[in-house]
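Worksheet: one structure, shown below.
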Amino acid sequence: MEITARVAAFTDLVGPPPDPVPAVDWTAVEAWLETPLPADYKALVSAYGPAEIGAPDATSVRLHTPCVSADGRYEYAAWVLETHRHSAIRPGMFTRERRRFLPDEGGLLAFATTSGGDHLFWDTSVSKDPDAWPVVLLTTSVAVGVAEPWVAYELPFLELLLTALGTGVPNPGEPGGLLGPLPPAVRTWPPLTAATPWTPPARGTYADARQHAALTEGEGLEAVAALIPPPLAPHLGKGTWEQVFERLGTRLPADFVALSERYGAGNWSWWLDMPAPLDLDHRLGLAAGVEEMLEGYRSLREAHPQYYPMPAWPEPRGFLPVASTIDGDMIGWCAEGEPEQWRVAVNPRHVDQGPPLEGNFTGTLLNWLRGGPGNAGLYGLRKDQDPLEEMFFEPFGPPRPDDR
């Protein structure tokens, strides 16, 4: 099927493009990437822009295109570099060949994500002709636990989209093992509704220069956001902070509230899990997670008080955990005084509980991301590790119905 016919078939399924669509200078884009791009991708992007394919309340494919969001949180070069840098460090998920992403190395080149956080790439090693590049998918959800998170579709870009719309395509991270069939709908996904054209960074400059500076400059949430750009559509849940505070019996520190609103549910550097802050129903939401961790901590303290010197919330100076790690550590606060005075406290699984730390939750996270010295429950980086190669944030989407 010719490209114009495939684009027409796509339009017949999903409807006409949204308007307006950011213009793309394909010559500049391909010069920056140092490779030509598939013609069907360029044709569809020129017509539809940064489109989300599928219904808002179902799994969808979010097409990333050369543009800039109005608020500056999305920029094409930064997204390309971040996606490949973060993907390449996950242990056990990439072969040496898979770690490559520069097309002239015959590697992978990202072009889309799913609403569940999975990544879609072209495999450029197959051919020097970009129109022959097949699509591969990386399932990134930590909840999947599949032995082989890669799916090779053996289909080019637009043919894959048409198949996903019609019958679905394999994806071990989705219920039933399929991505699709996608609802026949298309729109500009909300964070990019006011997107503007993209200008490639100058030769010799890098989109992550701000990250390098943030390793030593700045404080608080803005420094964290400079190190690791927040997701464009964080999953928060449908409740309110007032409902969360009422259920917990206390307000929470403002820095934690702001951090949770900016990033939502997700995983920091394959270690620290952050719950959906306003999900009141799901067992992995903030409120339910706090209740479960407190129950476990009380049981441990009752059985071995010598190892758990800090009482449990709501006792005076009580330990109030809000986040956990893949190692079973609990991280929260020593709730003494007003919430803005609380110090971070850790209940480590493998060492004795130490005294509260100096600083608030966001500052502790920032110090950890920068590779600061380890302490009880917070491991430090080795001297040969580069923080920029180790840190990332993997957002979690809404829970599946069978996970509730």
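Letters A, B, ... mark the chains of the structure tokens in the order given; residue numbers begin at 1 per chain; ligand numbers begin at 1, in order shown.
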For the contact check between region 277-330 of chain A and region 241-255 of chain A, emit one row per residue of region 277-330 of chain A within 10 Å, containing the shortest atom pair and the distance in Å rounded to one decimal, counting only C-alpha atoms, chain then rising number order, as a tab-separated table.
residue	atom	partner	partner_atom	distance
A:Pro277	CA	A:Trp241	CA	8.0
A:Leu278	CA	A:Trp241	CA	6.5
A:Asp279	CA	A:Val244	CA	8.7
A:Leu280	CA	A:Val244	CA	7.3
A:Leu286	CA	A:Val244	CA	8.0
A:Ala287	CA	A:Val244	CA	6.2
A:Ala288	CA	A:Arg247	CA	9.3
A:Val290	CA	A:Leu248	CA	8.0
A:Glu291	CA	A:Leu248	CA	8.1
A:Trp313	CA	A:Leu248	CA	9.5
A:Pro314	CA	A:Gly249	CA	8.0
A:Leu320	CA	A:Leu248	CA	9.5
A:Val322	CA	A:Leu252	CA	9.8
Let me see the file: selected residues, all heavy atoms, as a CSV table (one decimal), in the first residue's frame.
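Once written, again-v4.csv looks like this:
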chain,number,residue,atom,x,y,z
A,277,PRO,N,-0.6,9.9,44.5
A,277,PRO,CA,-0.9,10.6,45.8
A,277,PRO,C,-2.4,10.8,46.1
A,277,PRO,O,-2.8,10.8,47.2
A,277,PRO,CB,-0.2,12.0,45.6
A,277,PRO,CG,-0.1,12.2,44.1
A,277,PRO,CD,0.1,10.8,43.6
A,278,LEU,N,-3.2,10.9,45.0
A,278,LEU,CA,-4.6,11.2,45.2
A,278,LEU,C,-5.5,10.0,44.9
A,278,LEU,O,-6.7,10.1,44.8
A,278,LEU,CB,-5.1,12.4,44.4
A,278,LEU,CG,-4.2,13.7,44.7
A,278,LEU,CD1,-4.8,14.8,43.9
A,278,LEU,CD2,-4.2,14.0,46.2
A,279,ASP,N,-4.9,8.8,44.7
A,279,ASP,CA,-5.7,7.6,44.5
A,279,ASP,C,-6.2,7.0,45.8
A,279,ASP,O,-5.4,6.4,46.5
A,279,ASP,CB,-4.9,6.6,43.7
A,279,ASP,CG,-5.7,5.4,43.1
A,279,ASP,OD1,-6.8,5.2,43.7
A,279,ASP,OD2,-5.4,4.8,42.2
A,280,LEU,N,-7.5,7.2,46.1
A,280,LEU,CA,-8.0,6.8,47.4
A,280,LEU,C,-8.5,5.4,47.4
A,280,LEU,O,-8.7,4.8,48.5
A,280,LEU,CB,-9.2,7.7,47.8
A,280,LEU,CG,-8.8,9.2,47.9
A,280,LEU,CD1,-10.1,10.0,48.2
A,280,LEU,CD2,-7.8,9.4,49.0
A,286,LEU,N,-1.5,6.4,47.8
A,286,LEU,CA,-0.7,6.9,48.9
A,286,LEU,C,-1.4,6.5,50.3
A,286,LEU,O,-0.8,6.0,51.2
A,286,LEU,CB,-0.6,8.5,48.8
A,286,LEU,CG,-0.1,9.2,50.1
A,286,LEU,CD1,1.4,8.7,50.3
A,286,LEU,CD2,-0.1,10.7,49.9
A,287,ALA,N,-2.7,6.8,50.4
A,287,ALA,CA,-3.4,6.6,51.7
A,287,ALA,C,-3.4,5.1,52.1
A,287,ALA,O,-3.0,4.8,53.2
A,287,ALA,CB,-4.8,7.1,51.6
A,288,ALA,N,-3.7,4.2,51.1
A,288,ALA,CA,-3.7,2.8,51.5
A,288,ALA,C,-2.3,2.3,51.7
A,288,ALA,O,-2.1,1.4,52.6
A,288,ALA,CB,-4.3,2.0,50.3
A,290,VAL,N,0.2,4.0,53.0
A,290,VAL,CA,0.7,4.5,54.3
A,290,VAL,C,0.1,3.5,55.4
A,290,VAL,O,0.7,3.1,56.3
A,290,VAL,CB,0.2,5.9,54.6
A,290,VAL,CG1,0.4,6.3,56.1
A,290,VAL,CG2,1.1,6.9,53.7
A,291,GLU,N,-1.2,3.2,55.3
A,291,GLU,CA,-1.9,2.4,56.2
A,291,GLU,C,-1.3,1.0,56.3
A,291,GLU,O,-1.0,0.4,57.4
A,291,GLU,CB,-3.4,2.3,55.9
A,291,GLU,CG,-4.1,3.6,56.1
A,291,GLU,CD,-5.5,3.6,55.4
A,291,GLU,OE1,-5.8,2.6,54.7
A,291,GLU,OE2,-6.3,4.6,55.6
A,313,TRP,N,3.3,6.5,63.9
A,313,TRP,CA,2.3,7.6,63.8
A,313,TRP,C,1.0,6.9,64.2
A,313,TRP,O,0.7,5.8,63.8
A,313,TRP,CB,2.3,8.2,62.4
A,313,TRP,CG,1.0,9.0,62.1
A,313,TRP,CD1,-0.1,8.6,61.5
A,313,TRP,CD2,0.9,10.4,62.5
A,313,TRP,NE1,-1.0,9.7,61.5
A,313,TRP,CE2,-0.4,10.7,62.1
A,313,TRP,CE3,1.6,11.3,63.2
A,313,TRP,CZ2,-1.0,12.0,62.3
A,313,TRP,CZ3,1.1,12.5,63.5
A,313,TRP,CH2,-0.2,12.9,63.0
A,314,PRO,N,0.1,7.5,65.0
A,314,PRO,CA,0.1,9.0,65.4
A,314,PRO,C,0.7,9.2,66.8
A,314,PRO,O,0.4,10.3,67.3
A,314,PRO,CB,-1.4,9.3,65.3
A,314,PRO,CG,-2.1,8.1,65.8
A,314,PRO,CD,-1.3,6.9,65.2
A,320,LEU,N,6.1,8.2,60.2
A,320,LEU,CA,5.0,8.2,59.2
A,320,LEU,C,5.6,7.9,57.8
A,320,LEU,O,6.1,8.8,57.1
A,320,LEU,CB,4.3,9.5,59.2
A,320,LEU,CG,3.1,9.7,58.2
A,320,LEU,CD1,2.0,8.7,58.4
A,320,LEU,CD2,2.6,11.1,58.3
A,322,VAL,N,5.7,7.1,53.8
A,322,VAL,CA,4.9,7.4,52.6
A,322,VAL,C,5.4,6.8,51.3
A,322,VAL,O,4.7,6.7,50.3
A,322,VAL,CB,4.8,8.9,52.4
A,322,VAL,CG1,3.9,9.6,53.4
A,322,VAL,CG2,6.2,9.6,52.3
Could you tell me, as a list of chain:residue names, which residues of region 197-251 of chain A DSSP assigns to helix (DSSP H, G or I) when given the backbone?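 Checking each residue of region 197-251 of chain A, the helix (DSSP H, G or I) ones are A:Ala209, A:Arg210, A:Gln211, A:His212, A:Ala213, A:Ala214, A:Gly220, A:Leu221, A:Glu222, A:Ala223, A:Val224, A:Ala225, A:Ala226, A:Leu227, A:Trp241, A:Glu242, A:Gln243, A:Val244, A:Phe245, A:Glu246, A:Arg247, A:Leu248.
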Keeping only N, CA and C atoms, write the selected residues to a file as a compact mmCIF listing (two decimals), in the first residue's frame.
# COMPACT_ATOMS: atom_id res chain seq x y z
N ALA A 209 22.34 19.81 28.99
CA ALA A 209 23.30 20.71 29.65
C ALA A 209 22.72 21.21 30.97
N ARG A 210 21.41 21.45 31.00
CA ARG A 210 20.77 21.90 32.23
C ARG A 210 20.90 20.84 33.32
N GLN A 211 20.86 19.57 32.93
CA GLN A 211 21.01 18.50 33.92
C GLN A 211 22.40 18.52 34.53
N HIS A 212 23.42 18.70 33.71
CA HIS A 212 24.78 18.75 34.24
C HIS A 212 24.91 19.89 35.25
N ALA A 213 24.32 21.02 34.94
CA ALA A 213 24.40 22.15 35.87
C ALA A 213 23.66 21.82 37.17
N ALA A 214 22.52 21.12 37.06
CA ALA A 214 21.70 20.82 38.23
C ALA A 214 22.35 19.80 39.15
N GLY A 220 15.79 22.13 45.91
CA GLY A 220 14.37 21.84 45.93
C GLY A 220 13.83 21.24 44.65
N LEU A 221 12.52 21.41 44.46
CA LEU A 221 11.82 20.77 43.36
C LEU A 221 12.34 21.21 42.00
N GLU A 222 12.68 22.47 41.86
CA GLU A 222 13.14 22.95 40.55
C GLU A 222 14.47 22.30 40.17
N ALA A 223 15.33 22.04 41.14
CA ALA A 223 16.59 21.35 40.84
C ALA A 223 16.32 19.90 40.48
N VAL A 224 15.37 19.25 41.17
CA VAL A 224 15.00 17.88 40.82
C VAL A 224 14.46 17.84 39.39
N ALA A 225 13.59 18.79 39.05
CA ALA A 225 12.99 18.82 37.72
C ALA A 225 14.03 19.10 36.64
N ALA A 226 15.07 19.86 36.97
CA ALA A 226 16.15 20.10 36.01
C ALA A 226 16.96 18.84 35.78
N LEU A 227 17.15 18.04 36.83
CA LEU A 227 17.87 16.78 36.69
C LEU A 227 17.05 15.76 35.91
N TRP A 241 -6.35 16.37 48.05
CA TRP A 241 -5.42 16.34 49.18
C TRP A 241 -6.17 16.40 50.50
N GLU A 242 -7.26 17.15 50.54
CA GLU A 242 -8.01 17.23 51.79
C GLU A 242 -8.55 15.85 52.19
N GLN A 243 -8.99 15.07 51.23
CA GLN A 243 -9.45 13.71 51.53
C GLN A 243 -8.30 12.84 52.03
N VAL A 244 -7.13 12.99 51.41
CA VAL A 244 -5.95 12.23 51.86
C VAL A 244 -5.58 12.63 53.28
N PHE A 245 -5.54 13.94 53.56
CA PHE A 245 -5.14 14.41 54.88
C PHE A 245 -6.13 13.93 55.95
N GLU A 246 -7.42 13.95 55.60
CA GLU A 246 -8.42 13.49 56.57
C GLU A 246 -8.23 12.01 56.87
N ARG A 247 -7.93 11.22 55.85
CA ARG A 247 -7.74 9.79 56.06
C ARG A 247 -6.48 9.49 56.86
N LEU A 248 -5.43 10.25 56.64
CA LEU A 248 -4.17 10.03 57.35
C LEU A 248 -4.18 10.66 58.74
Contact residues around Ser269 (chain A) with only C-alpha atoms at 8 Å, ignoring same-chain residues under 3 positions, as a list in words: Leu272, Glu390, Met391, Phe392, Phe393 and Glu394 of chain A
Mind dumping the selected residues with N, CA, C and O atoms as a compact mmCIF listing (two decimals), in the first residue's frame?
# COMPACT_ATOMS: atom_id res chain seq x y z
N LEU A 272 13.19 3.52 44.17
CA LEU A 272 12.23 4.15 45.07
C LEU A 272 10.87 4.29 44.38
O LEU A 272 10.75 4.98 43.37
N GLU A 390 22.70 7.02 36.04
CA GLU A 390 22.00 6.12 36.95
C GLU A 390 20.58 6.57 37.26
O GLU A 390 19.74 5.77 37.64
N MET A 391 20.30 7.85 37.13
CA MET A 391 19.02 8.35 37.61
C MET A 391 17.99 8.45 36.47
O MET A 391 18.31 8.76 35.34
N PHE A 392 16.74 8.18 36.83
CA PHE A 392 15.61 8.37 35.91
C PHE A 392 14.33 8.31 36.73
O PHE A 392 14.32 7.92 37.90
N PHE A 393 13.25 8.71 36.13
CA PHE A 393 11.92 8.55 36.74
C PHE A 393 11.04 7.85 35.73
O PHE A 393 10.85 8.34 34.62
N GLU A 394 10.51 6.71 36.10
CA GLU A 394 9.61 5.94 35.24
C GLU A 394 8.19 6.11 35.75
O GLU A 394 7.82 5.59 36.81
Would you please work out which residue, of A:Glu358, A:Asp273, A:Asp12, A:Glu336, is nearest to Leu165 (chain A) when using only C-alpha atoms?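 The closest residue to Leu165 (chain A) is A:Asp12.
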Name all residues at most 8 Å from region 293-303 of chain A (count only C-alpha atoms; drop same-chain ones fewer than 4 positions away) and give them as a ChimeraX atom specification. /A:289,307-309,311-313,320-321,330
Selected residues written out with all heavy atoms, as a compact mmCIF listing (two decimals), in the first residue's frame:
# COMPACT_ATOMS: atom_id res chain seq x y z
N GLY A 289 -1.31 2.83 50.97
CA GLY A 289 0.07 2.42 51.17
C GLY A 289 0.59 2.81 52.55
O GLY A 289 1.28 2.03 53.21
N TYR A 307 15.12 -2.76 67.94
CA TYR A 307 15.57 -2.43 66.59
C TYR A 307 14.76 -1.30 65.95
O TYR A 307 15.12 -0.81 64.89
CB TYR A 307 15.50 -3.66 65.69
CG TYR A 307 16.36 -4.82 66.16
CD1 TYR A 307 15.82 -6.09 66.34
CD2 TYR A 307 17.71 -4.63 66.44
CE1 TYR A 307 16.61 -7.15 66.78
CE2 TYR A 307 18.50 -5.68 66.88
CZ TYR A 307 17.95 -6.93 67.05
OH TYR A 307 18.72 -7.96 67.49
N TYR A 308 13.65 -0.94 66.58
CA TYR A 308 12.76 0.07 66.00
C TYR A 308 12.45 1.11 67.08
O TYR A 308 11.36 1.12 67.68
CB TYR A 308 11.47 -0.58 65.48
CG TYR A 308 11.76 -1.65 64.45
CD1 TYR A 308 11.87 -2.99 64.84
CD2 TYR A 308 11.95 -1.32 63.12
CE1 TYR A 308 12.15 -3.97 63.90
CE2 TYR A 308 12.23 -2.29 62.18
CZ TYR A 308 12.34 -3.62 62.58
OH TYR A 308 12.62 -4.59 61.65
N PRO A 309 13.41 1.99 67.35
CA PRO A 309 13.26 2.95 68.45
C PRO A 309 12.18 4.00 68.22
O PRO A 309 11.68 4.61 69.17
CB PRO A 309 14.64 3.59 68.54
CG PRO A 309 15.23 3.44 67.17
CD PRO A 309 14.71 2.12 66.67
N PRO A 311 8.55 5.42 67.58
CA PRO A 311 7.15 4.98 67.63
C PRO A 311 6.47 5.18 66.27
O PRO A 311 7.00 5.83 65.38
CB PRO A 311 6.53 5.88 68.70
CG PRO A 311 7.40 7.09 68.72
CD PRO A 311 8.78 6.62 68.39
N ALA A 312 5.30 4.61 66.14
CA ALA A 312 4.54 4.72 64.89
C ALA A 312 3.53 5.85 65.00
O ALA A 312 2.96 6.09 66.06
CB ALA A 312 3.83 3.40 64.58
N TRP A 313 3.34 6.54 63.89
CA TRP A 313 2.30 7.56 63.82
C TRP A 313 0.95 6.91 64.16
O TRP A 313 0.71 5.77 63.76
CB TRP A 313 2.27 8.17 62.41
CG TRP A 313 1.05 9.01 62.15
CD1 TRP A 313 -0.09 8.63 61.50
CD2 TRP A 313 0.86 10.35 62.55
NE1 TRP A 313 -0.98 9.65 61.47
CE2 TRP A 313 -0.42 10.73 62.12
CE3 TRP A 313 1.63 11.27 63.24
CZ2 TRP A 313 -0.95 11.99 62.35
CZ3 TRP A 313 1.11 12.53 63.47
CH2 TRP A 313 -0.17 12.87 63.03
N LEU A 320 6.06 8.15 60.16
CA LEU A 320 4.97 8.17 59.17
C LEU A 320 5.56 7.88 57.80
O LEU A 320 6.08 8.76 57.13
CB LEU A 320 4.27 9.54 59.18
CG LEU A 320 3.14 9.74 58.16
CD1 LEU A 320 2.05 8.68 58.35
CD2 LEU A 320 2.56 11.13 58.29
N PRO A 321 5.51 6.62 57.34
CA PRO A 321 6.09 6.27 56.04
C PRO A 321 5.14 6.61 54.90
O PRO A 321 3.92 6.46 55.02
CB PRO A 321 6.28 4.76 56.14
CG PRO A 321 5.19 4.31 57.07
CD PRO A 321 4.98 5.44 58.05
N MET A 330 11.24 1.57 54.12
CA MET A 330 10.16 2.54 54.20
C MET A 330 10.77 3.92 54.43
O MET A 330 11.67 4.06 55.25
CB MET A 330 9.20 2.22 55.34
CG MET A 330 8.58 0.85 55.30
SD MET A 330 7.50 0.61 56.76
CE MET A 330 7.31 -1.18 56.73
Near Ala58 (chain A), within 9 Å and counting only C-alpha atoms, which residues show up once chain neighbours fewer than 3 positions away are dropped, as a list in words?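 The contact residues come out as Gly54, Ala55, Ser115, Leu182 and Pro183 of chain A.
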Write out, as a JSON list (two decimals), in the first residue's frame, the residues just selected, with N, CA, C and O atoms.
[["chain", "number", "residue", "atom", "x", "y", "z"],
["A", 54, "GLY", "N", -6.18, 6.65, 20.00],
["A", 54, "GLY", "CA", -6.95, 5.85, 20.93],
["A", 54, "GLY", "C", -7.80, 6.75, 21.81],
["A", 54, "GLY", "O", -7.62, 7.97, 21.84],
["A", 55, "ALA", "N", -8.72, 6.16, 22.55],
["A", 55, "ALA", "CA", -9.63, 6.93, 23.39],
["A", 55, "ALA", "C", -8.95, 7.36, 24.69],
["A", 55, "ALA", "O", -8.02, 6.70, 25.16],
["A", 115, "SER", "N", 0.22, 5.00, 26.44],
["A", 115, "SER", "CA", -0.29, 5.67, 27.63],
["A", 115, "SER", "C", 0.12, 4.93, 28.89],
["A", 115, "SER", "O", 0.10, 5.50, 29.99],
["A", 182, "LEU", "N", -7.16, -0.52, 19.20],
["A", 182, "LEU", "CA", -7.31, 0.83, 19.71],
["A", 182, "LEU", "C", -8.64, 1.42, 19.28],
["A", 182, "LEU", "O", -9.06, 1.25, 18.14],
["A", 183, "PRO", "N", -9.30, 2.13, 20.19],
["A", 183, "PRO", "CA", -10.52, 2.85, 19.79],
["A", 183, "PRO", "C", -10.20, 3.82, 18.66],
["A", 183, "PRO", "O", -9.16, 4.50, 18.70]]
Selected residue of minimal separation from Pro395 (chain A) among A:Tyr263, A:Phe361, A:Phe121, A:Trp342, counting only C-alpha atoms: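 Closest to Pro395 (chain A), using only C-alpha atoms: A:Tyr263.
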For Ala195 (chain A), list every protein, DNA or RNA residue within 10 Å, evaluated using only C-alpha atoms, and leave out those in the same chain fewer than 2 positions away; present the list as a PyMOL selection string. chain A and resi 20-23+49-50+66-72+74-75+188+190-193+197-198
Where does region 117-229 of chain A meet region 24-36 of chain A within 9 Å, residue by residue, with the nearest atom pair and distance in Å to one decimal for each, counting only C-alpha atoms, listed by chain and rising number, as CSV?
residue,atom,partner,partner_atom,distance
A:Asp129,CA,A:Pro36,CA,8.4
A:Pro130,CA,A:Pro36,CA,6.6
A:Pro197,CA,A:Val24,CA,6.2
A:Trp198,CA,A:Val24,CA,7.1
A:Thr199,CA,A:Ala28,CA,7.8
A:Pro200,CA,A:Trp32,CA,6.4
A:Pro201,CA,A:Trp32,CA,8.0
A:Ala202,CA,A:Trp32,CA,8.9
A:Arg203,CA,A:Trp32,CA,8.1
Point out the residue among A:Ala51, A:Ala194, A:Leu109, A:Leu81 with the least atom-to-atom distance to Pro38 (chain A), counting only C-alpha atoms. A:Leu109
Top pick for closest residue to Glu2 (chain A), considering A:Pro339, A:Ser260, A:Arg73, A:Glu159 and counting only C-alpha atoms: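 That would be A:Glu159, the residue with the smallest distance to Glu2 (chain A).
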Extract, using only C-alpha atoms, all DNA, RNA and protein residues at most 8 Å from Gly363 (chain A), discarding same-chain residues fewer than 4 positions from it, and format them as a VMD selection string. chain A and resid 219 to 220 359 367
Write a file of the just-selected residues containing all heavy atoms, as a PDB file, in the first residue's frame.
ATOM      1  N   GLU A 219      18.279  24.162  44.282  1.00  0.00           N
ATOM      2  CA  GLU A 219      17.754  23.401  45.405  1.00  0.00           C
ATOM      3  C   GLU A 219      16.292  23.071  45.156  1.00  0.00           C
ATOM      4  O   GLU A 219      15.632  23.665  44.299  1.00  0.00           O
ATOM      5  CB  GLU A 219      17.878  24.203  46.714  1.00  0.00           C
ATOM      6  CG  GLU A 219      19.303  24.541  47.127  1.00  0.00           C
ATOM      7  CD  GLU A 219      20.133  23.302  47.425  1.00  0.00           C
ATOM      8  OE1 GLU A 219      19.540  22.264  47.801  1.00  0.00           O
ATOM      9  OE2 GLU A 219      21.378  23.376  47.297  1.00  0.00           O
ATOM     10  N   GLY A 220      15.788  22.129  45.912  1.00  0.00           N
ATOM     11  CA  GLY A 220      14.368  21.836  45.931  1.00  0.00           C
ATOM     12  C   GLY A 220      13.833  21.235  44.651  1.00  0.00           C
ATOM     13  O   GLY A 220      14.562  20.656  43.841  1.00  0.00           O
ATOM     14  N   GLY A 359      16.942  17.748  56.801  1.00  0.00           N
ATOM     15  CA  GLY A 359      16.381  18.144  55.516  1.00  0.00           C
ATOM     16  C   GLY A 359      15.021  17.542  55.269  1.00  0.00           C
ATOM     17  O   GLY A 359      14.588  16.596  55.936  1.00  0.00           O
ATOM     18  N   ASN A 367      19.595  15.110  47.023  1.00  0.00           N
ATOM     19  CA  ASN A 367      20.938  14.712  47.416  1.00  0.00           C
ATOM     20  C   ASN A 367      21.243  13.294  46.944  1.00  0.00           C
ATOM     21  O   ASN A 367      22.352  13.005  46.479  1.00  0.00           O
ATOM     22  CB  ASN A 367      21.077  14.806  48.934  1.00  0.00           C
ATOM     23  CG  ASN A 367      22.464  14.410  49.423  1.00  0.00           C
ATOM     24  OD1 ASN A 367      23.446  15.059  49.120  1.00  0.00           O
ATOM     25  ND2 ASN A 367      22.539  13.316  50.167  1.00  0.00           N
TER      26      ASN A 367
END
Restricting the calculation to only C-alpha atoms, which member of A:Asp40, A:Leu259, A:Leu388, A:Val80 is positioned closest to Asp131 (chain A)? A:Asp40
